[in-house]
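Okay, structure first, notes after.
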Amino acid sequence: MLEFDEGLRFKPYRCTAGKLTIGVGRNLDDVGVSRAEAYALLDNDIQKAERDCQDVFGSALWDSWGRERRLGWVNFRFQLGKGGMLSFRNTLDAARSGDWKKVERHLLASKWATKDSPARARRVVAMICREDFPYAS
C-alpha cells in the first residue's frame, strides 16, 4: 500500500511537502539514511565500479593484476564514473600494455591529480602503478 500511495522513485525528487525524497517516500532531508543503508549503497557502488573496470580492461588482464592495483582502479572509477574513466584513453591503453611509468605520468598530469583531488590522486596512482603499495593491504 505504501508503494502504491508514495510511488517508487530511484532518483531523488522533491515531494509535495518540498522534502528531498527517494525510494518509497524516504525523506532524505529529515531522516537521511542509516549507517547500514549507506554501506549497502557503497557495496552496490563498489560492485558496479569493479564490473566497469573489468569491462574496460577485460577479465583476463583485470584478474592478472594484484589486489592493490585493482583497488586503485576501482577507487579511480568510483570517483570519476565510467565515462570519466573512459576519457583517459591514452592512460588506459598504457595500462593495457603494462607501461606503468606512462600511466603514472598521464594520471599525475591530469586535472584530476593537479586540481580536483591531488592527495587522493597521489595515493591512488601509487596503488595503480606500484604493486608493492602498502596502503590497501
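By convention here, the chains of the C-alpha cells are called A, B, ... in the order presented, each chain's residues are numbered starting at 1, and ligands are numbered starting at 1 in the order presented.
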
Per residue of region 32-112 of chain A within 12 Å of region 119-133 of chain A, which atom pair is closest and at what distance in Å (one decimal), using only C-alpha atoms, listed by chain and increasing number, as a tab-separated table?
residue	atom	partner	partner_atom	distance
A:Trp62	CA	A:Ile128	CA	11.9
A:Ser64	CA	A:Glu131	CA	11.9
A:Trp65	CA	A:Glu131	CA	8.5
A:Gly66	CA	A:Glu131	CA	6.6
A:Arg67	CA	A:Glu131	CA	8.2
A:Glu68	CA	A:Met127	CA	5.4
A:Arg69	CA	A:Ile128	CA	4.2
A:Arg70	CA	A:Ile128	CA	7.1
A:Leu71	CA	A:Met127	CA	7.4
A:Gly72	CA	A:Val124	CA	5.0
A:Trp73	CA	A:Ile128	CA	6.4
A:Val74	CA	A:Val124	CA	9.4
A:Asn75	CA	A:Val124	CA	7.0
A:Phe76	CA	A:Val124	CA	7.0
A:Arg77	CA	A:Val124	CA	10.7
A:Phe78	CA	A:Val124	CA	11.4
A:Gln79	CA	A:Arg120	CA	10.0
A:Leu80	CA	A:Ala121	CA	11.4
A:Thr91	CA	A:Ile128	CA	11.4
A:Leu92	CA	A:Ile128	CA	11.5
A:Ala94	CA	A:Cys129	CA	11.1
A:Ala95	CA	A:Cys129	CA	9.0
A:Gly98	CA	A:Cys129	CA	9.4
A:Asp99	CA	A:Cys129	CA	8.9
A:Trp100	CA	A:Cys129	CA	5.3
A:Lys101	CA	A:Cys129	CA	7.3
A:Lys102	CA	A:Cys129	CA	9.3
A:Val103	CA	A:Cys129	CA	7.2
A:Glu104	CA	A:Val125	CA	6.2
A:Arg105	CA	A:Val125	CA	9.4
A:His106	CA	A:Val125	CA	9.9
A:Leu107	CA	A:Val125	CA	7.0
A:Leu108	CA	A:Ala121	CA	7.2
A:Ala109	CA	A:Ala121	CA	10.3
A:Ser110	CA	A:Ala121	CA	9.5
A:Lys111	CA	A:Ala121	CA	10.0
A:Trp112	CA	A:Ala121	CA	7.0

Requested in this report: Would you please extract all alpha helix (DSSP H) residues from chain A, as assigned by DSSP on the backbone, and give them as a PyMOL selection string?
Outcome: chain A and resi 2-6+35-57+59-64+67-86+89-96+100-109+111+118-129

Query raised in the report: What are the DSSP strand (DSSP E) residues of chain A, as JSON, numbers by chain?
Result: {"A": [9, 10, 11, 12, 13, 14, 20, 21, 22, 23, 26, 27]}

Residues from last step as file, C-alpha atoms, as a short mmCIF file (atom, residue, chain, number, x, y, z; two decimals), in the first residue's frame:
data_model
loop_
_atom_site.label_atom_id
_atom_site.label_comp_id
_atom_site.auth_asym_id
_atom_site.auth_seq_id
_atom_site.Cartn_x
_atom_site.Cartn_y
_atom_site.Cartn_z
CA ARG A 9 11.46 6.52 -7.42
CA PHE A 10 15.06 5.56 -7.98
CA LYS A 11 16.41 9.10 -8.11
CA PRO A 12 15.95 11.88 -5.55
CA TYR A 13 12.99 14.19 -6.07
CA ARG A 14 11.10 16.84 -4.11
CA LEU A 20 14.17 15.65 -0.82
CA THR A 21 12.82 12.11 -1.16
CA ILE A 22 13.88 8.79 -2.71
CA GLY A 23 12.63 5.23 -2.94
CA ARG A 26 12.14 8.15 2.19
CA ASN A 27 12.52 11.71 3.46
#

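Closest approach to Leu28 (chain A) from the set A:Ser59, A:Ser117, A:Cys15, A:Asp43 is made by A:Cys15, with distances taken over only C-alpha atoms.
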
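A straight line drawn from CA of Leu8 (chain A) to CA of Gly25 (chain A) is 7.6 Å long.
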
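Here CA of Leu2 (chain A) and CA of Tyr39 (chain A) stand 24.5 Å from one another.
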
Report task. Would you mind telling me which residue in A:Ala113, A:Ala17, A:Leu86, A:Val31 lies nearest to Asp55 (chain A) when using only C-alpha atoms? Result -> A:Leu86

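The space separating CA of Ser34 (chain A) from CA of Met1 (chain A) comes to 23.4 Å.
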
Query raised in the report: Quick one: of A:Lys115, A:Ala49, A:Ser97, A:Gly58, who's nearest to Gly83 (chain A), counting only C-alpha atoms?
Result: A:Ala49
